Amino acid sequence: MLAEDLNKKWKRVILKTSPTTPLEHCEWLNKLFMELWPNYVSPKLSARFKSLVEKRLRHRKSKLIERVELVEFSLGSSPPSLGLQGTRWSTTGDQKIMRLGFDWDTSDMSILLHAKLAMAIGNARIVINSLHIKGDLLLMPVLDGKALLYSFMSVPEVRIGVAFGSGGSQTLPATELPGVSSWLVKILTDTLVKTMVEPRRRCLSLPGDDLRKKAVGGIIYVKVVSASKLSRSALRGSPSRRQHSFTTNGTLEGHLDDKDLQTFVEVELGELTRRTHVKTGSTPTWDSTFNTVLHEDAGILRFHLYECTPNSVKYDYLASCEIKVRYVADDSTIFWAIGPESGIIAEHAQFCGKEVELVVPFEKASVGELTVRLVLKEWQFSDGSYSLNNFPLSSRNSLNGSSNLLSKTGRKLNVTVVEGKDLISKDRNGKCEPYVKLQYGKVLQKTRTAHTYNPVWNQKFDFDEISGDECLKIKCYSEDMFGDNNIGSARVNLEGLAEGFVRDVWVPLEKVNSGELRLQLEAIRVSETEGSRGSVTGSGDGWVELSLIEARDLIAADLRGTSDPYVRVQYGNLKRRTKVMYRTLNPHWNQTLEFPDDGSPLELHVKDHNALLPTSSIGDCVVEYQRLPPNQMFDKWIPLQGVKRGEIHVQITRKVPDLQKRSSLDSEPSLTRSYRISGQMKELMVKLQSLIEDGSLEGLATVVTEMESLQDLQEEYMVQCETEQMLLLDKIKELGQEIFNSNSSPSLSRRSSNI
């Protein structure tokens with residue numbers, strides 16, 4: 001009977017009738033951990049934490065250090081000790097939680113930082129030679145063991161040992177650079193607090209299948225559905241974050257009924273923010289969907305609730321909550337959030353395109369929940385593949401039957417800026433005249449200016465692909481008389497872009513509340529037989545003619561507010577320079593230079609001339625000419641890089657003397673085309689006059705866009721006419737030379753016979 005009674009008590013413990021299990025020793029766990037640490041755990045954790053440390057070092061700098069670079073990062077072969085005092089399982093609702101002691105005291109690590117010191121002191125090497133972290137871990141298995149959440153119960157104890165040196169094996173005591181050791185401790189502590197101290201938790205996925213692919217980004221559709229149980233008194237944010245609201249007569253807004261509560265939600269993912277519409281009541285329904293972009297394999301979606309009180313000057317912050325997203329190596333996705341009473345809410349999307357719904361309570365609030373639906377549309381991978389909707393464990397590569405892992409040399413990237421939608425306006429009159437700047441490496445391209453919130457550009461740009469993990473940087477501006485306004489930016493990861501496949505994407509603009517751009521991306525292999533498209537590189541019988549016309553809006557390099565600009569041209573190993581234009585920010589050179597066409601990079605460096613002091617740079621740029629059609633002049637204003645403003649006007653032509661005709665000439669007769677363009681321009685002028693009289697702003701914007709397109713067509717036609725004229729003159733010269741030779745040959749024969 002006694003044994004049976006003890007068995008019943010033990011079963012009650014096992015069946016979770018008791019909230020805490022008996023203490024268990026962990027010698028077996030530490031022994032297993034020591035075997036797994038050197039070859040598996042340490043390399044994976046080193047790679048994961050290296051990226052975190054690099055980001056923190058970029059954003060948190062010591063006053064003594066101007067720039068710091070992480071040279072080496074390895075956690076070594078000595079693992080931390082787990083559960084030296086034993087461990088217990090506890091249960092909160094249906095969630096199991098293990099409390100585990102964590103003590104890591106090691107000097108067997110290799111972390112090397114290279115720092116450039118401030119105030120021209122010089123460079124120094126910072127070696128982290130010891131680390132001690134001590135605290136209590138919480139482990140929480142979720143999704144039936146498919147993932148594990150882990151965090152520290154409270155801020156752990158952190159100590160770091162640091163040595164300094166100027167190079168080689170020389171090391172100096174920490175007193176040589178005071179404050180650096182405490183600065184590193186603060187960075188590590190802050191990183192732990194923001195990422196894995198309760199209630200912040202990290203996720204370790206345990207997939208059934210590991211496809212050995214690296215996810216570099218993803219597209220998430222976020223739908224903010226509704227909220228419930230909202231109460232103004234229970235949701236008030238902390239005084240440091242809340243903005244007090246005032247009525248129009250200057251008095252502080254009094255207590256209002258919750259049914260009159262007007263709220264909206266701001267969605268935040270990295271630097272991307274979007275807002276819902278304002279809705280009224282304690283149970284508002286927004287049903288607002290946003291397109292968001294992840295730039296890594298994980299991210300945090302934050303939702304901030306604001307009150308929009310009538311007659312108030314500023315919004316009033318109420319509460320926040322967040323949902324974390326992580327890619328799993330079997331092409332699935334895990335979503336999780338903090339639930340009621342610090343519990344866990346987790347959902348698992350087995351394949352892309354599957355919608356999950358989470359009801360998340362607001363943090364640090366006694367009431368209030370937010371309902372969100374999430375759809376991970378696709379994951380993008382470093383080998384150029386991407387996961388498909390409704391196909392688990394599959395990607396574009398697996399459907400094609402071959403890998404798209406290609407060399408990143410000898411290819412062109414075609415980027416087409418198709419259109420935009422829902423762009424914002426910062427103009428007081430509500431006018432929006434947007435254009436887009438694209439930067440890839442050192443090359444910067446610009447679209448024409450549109451005159452609508454939903455512009456259509458359909459402009460195509462070519463870039464030479466650069467080795468390494470390069471991103472296409474996008475900035476959208478709106479033209480303004482007193483300086484162009486930035487209306488959003490974005491970046492697109494081009495790593496592993498596959499050949500022969502056009503990728504059509506909508507890219508949401510960051511740092512603004514609205515706006516998306518539609519891009520079409522394509523990678524093509526440049527073949528040596530593309531002579532008709534300008535690839536006659538290395539032929540030896542052609543040359544590049546560069547005309548440096550002028551520059552405008554240069555920065556002032558002198559104290560008197562002007563510059564003495566000239567251009568230094570570098571073409572491969574050849575260097576040329578223009579004359580100096582004194583005391584001007586808008587110089588005119590009108591100089592023409594020629595170089596043998598061997599395909600070398602053509603770089604322009606705009607300098608400020610100084611008679612005594614060294615010359616200073618006021619911008620540079622790269623001229624892309626390799627794919628220009630032969631014997632056609634390319635006329636363009638190129639923005640200068642490395643400076644805040646400035647553009648240079650160049651004309652460049654690839655001269656090929658033995659080319660008899662241009663294969664790409666328009667089949668339409670020149671005279672007919674001229675009449676057609678002139679007629680269309682007259683029709684648009686009449687239409688424009690009529691719309692001005694009617695006062696139709698939308699119609700005016702459409703006509704102006706059509707006129708700009710017609711102007712581009714006219715400029716293209718003028719270039720064609722000049723090319724035809726040049727080819728015709730060359731042909732006349734050749735015919736004249738043949739006639740001269742044929743007429744002079746009989747006299748030469750008679751003279752030779754007489755001799």
# chains A, B, ... in the order shown; residues from 1 in each chain; ligands from 1
$ residues_around --residues "Thr20 of chain A" --least-positions-apart "4" --cutoff "7 Å" --atoms "only C-alpha atoms" --output "ChimeraX atom specification"
/A:88-91
$ residues_around --residues "segment 422-435 of chain A" --least-positions-apart "2" --cutoff "7 Å" --atoms "only C-alpha atoms" --output "short mmCIF file (atom, residue, chain, number, x, y, z; two decimals) with C-alpha atoms, in the first residue's frame"
data_model
loop_
_atom_site.label_atom_id
_atom_site.label_comp_id
_atom_site.auth_asym_id
_atom_site.auth_seq_id
_atom_site.Cartn_x
_atom_site.Cartn_y
_atom_site.Cartn_z
CA LYS A 437 17.93 57.34 -57.86
CA THR A 447 14.88 58.27 -63.68
CA ARG A 448 13.02 61.17 -65.22
CA THR A 449 10.64 63.21 -63.08
CA ALA A 450 6.95 62.29 -63.01
CA HIS A 451 4.02 64.44 -61.87
CA THR A 452 1.71 62.10 -59.97
CA TYR A 453 1.48 60.07 -56.76
CA ASN A 454 1.28 56.87 -58.85
CA CYS A 476 12.98 58.31 -54.05
CA TYR A 477 12.77 62.10 -54.19
CA SER A 478 10.15 64.72 -55.00
CA GLU A 479 11.35 67.78 -56.88
CA ASN A 485 12.48 66.13 -50.61
CA ILE A 487 10.16 60.53 -49.82
CA SER A 514 3.49 54.96 -47.48
CA GLY A 515 4.84 54.20 -50.92
CA GLU A 516 6.05 51.25 -53.03
#
$ closest_atom_pairs --of "segment 456-561 of chain A" --to "segment 644-652 of chain A" --cutoff "6 Å" --atoms "only C-alpha atoms" --output "tab-separated table"
residue	atom	partner	partner_atom	distance
A:Glu545	CA	A:Ile652	CA	5.6
A:Leu546	CA	A:Ile652	CA	4.6
A:Ser547	CA	A:Gln651	CA	5.0
A:Leu548	CA	A:Val650	CA	4.9
A:Ile549	CA	A:His649	CA	5.5
A:Glu550	CA	A:His649	CA	5.2
A:Ala551	CA	A:Ile648	CA	4.2
A:Arg552	CA	A:Glu647	CA	5.5
A:Asp553	CA	A:Gly646	CA	4.8
A:Leu554	CA	A:Gly646	CA	4.4
$ write_last_selection --atoms "all heavy atoms" --output "tab-separated table (two decimals), in the first residue's frame"
chain	number	residue	atom	x	y	z
A	545	GLU	N	35.51	58.61	-77.48
A	545	GLU	CA	35.58	60.07	-77.52
A	545	GLU	C	34.73	60.61	-76.38
A	545	GLU	O	33.52	60.43	-76.34
A	545	GLU	CB	35.07	60.58	-78.86
A	545	GLU	CG	35.17	62.09	-79.01
A	545	GLU	CD	34.65	62.57	-80.35
A	545	GLU	OE1	35.43	62.60	-81.31
A	545	GLU	OE2	33.44	62.87	-80.42
A	546	LEU	N	35.40	61.28	-75.43
A	546	LEU	CA	34.74	61.82	-74.24
A	546	LEU	C	34.79	63.34	-74.29
A	546	LEU	O	35.87	63.94	-74.37
A	546	LEU	CB	35.43	61.32	-72.97
A	546	LEU	CG	34.95	61.93	-71.66
A	546	LEU	CD1	33.52	61.51	-71.35
A	546	LEU	CD2	35.88	61.54	-70.51
A	547	SER	N	33.62	63.97	-74.23
A	547	SER	CA	33.52	65.43	-74.19
A	547	SER	C	33.02	65.83	-72.80
A	547	SER	O	31.92	65.45	-72.39
A	547	SER	CB	32.56	65.95	-75.26
A	547	SER	OG	33.05	65.66	-76.55
A	548	LEU	N	33.85	66.58	-72.09
A	548	LEU	CA	33.48	67.11	-70.78
A	548	LEU	C	32.91	68.50	-70.99
A	548	LEU	O	33.64	69.46	-71.27
A	548	LEU	CB	34.70	67.15	-69.87
A	548	LEU	CG	35.30	65.77	-69.57
A	548	LEU	CD1	36.72	65.91	-69.06
A	548	LEU	CD2	34.45	65.02	-68.58
A	549	ILE	N	31.61	68.63	-70.91
A	549	ILE	CA	30.92	69.87	-71.27
A	549	ILE	C	30.95	70.86	-70.11
A	549	ILE	O	31.51	71.94	-70.19
A	549	ILE	CB	29.47	69.59	-71.71
A	549	ILE	CG1	29.44	68.47	-72.78
A	549	ILE	CG2	28.82	70.86	-72.23
A	549	ILE	CD1	30.20	68.81	-74.04
A	550	GLU	N	30.32	70.46	-68.98
A	550	GLU	CA	30.15	71.40	-67.87
A	550	GLU	C	29.80	70.62	-66.61
A	550	GLU	O	29.64	69.39	-66.63
A	550	GLU	CB	29.03	72.40	-68.19
A	550	GLU	CG	27.69	71.72	-68.48
A	550	GLU	CD	26.58	72.69	-68.84
A	550	GLU	OE1	26.55	73.75	-68.20
A	550	GLU	OE2	25.76	72.36	-69.72
A	551	ALA	N	29.68	71.35	-65.52
A	551	ALA	CA	29.20	70.80	-64.25
A	551	ALA	C	28.31	71.86	-63.60
A	551	ALA	O	28.38	73.04	-63.94
A	551	ALA	CB	30.35	70.42	-63.34
A	552	ARG	N	27.50	71.41	-62.67
A	552	ARG	CA	26.60	72.34	-62.00
A	552	ARG	C	26.42	71.96	-60.54
A	552	ARG	O	26.55	70.79	-60.16
A	552	ARG	CB	25.24	72.39	-62.71
A	552	ARG	CG	24.44	71.10	-62.64
A	552	ARG	CD	23.20	71.19	-63.50
A	552	ARG	NE	22.45	69.94	-63.49
A	552	ARG	CZ	21.43	69.66	-64.32
A	552	ARG	NH1	21.07	70.56	-65.23
A	552	ARG	NH2	20.78	68.50	-64.23
A	553	ASP	N	26.13	73.00	-59.75
A	553	ASP	CA	25.80	72.84	-58.34
A	553	ASP	C	26.89	72.09	-57.56
A	553	ASP	O	26.61	71.24	-56.72
A	553	ASP	CB	24.46	72.11	-58.19
A	553	ASP	CG	23.84	72.33	-56.82
A	553	ASP	OD1	24.20	73.32	-56.17
A	553	ASP	OD2	23.01	71.50	-56.40
A	554	LEU	N	28.17	72.39	-57.86
A	554	LEU	CA	29.26	71.76	-57.13
A	554	LEU	C	29.32	72.31	-55.71
A	554	LEU	O	28.82	73.40	-55.41
A	554	LEU	CB	30.59	72.02	-57.84
A	554	LEU	CG	30.73	71.50	-59.27
A	554	LEU	CD1	32.10	71.84	-59.83
A	554	LEU	CD2	30.49	69.99	-59.33
$ closest_residue --among "A:Gln439, A:Ser182, A:Thr273, A:Ser228" --to "Leu370 of chain A" --atoms "only C-alpha atoms"
A:Ser228
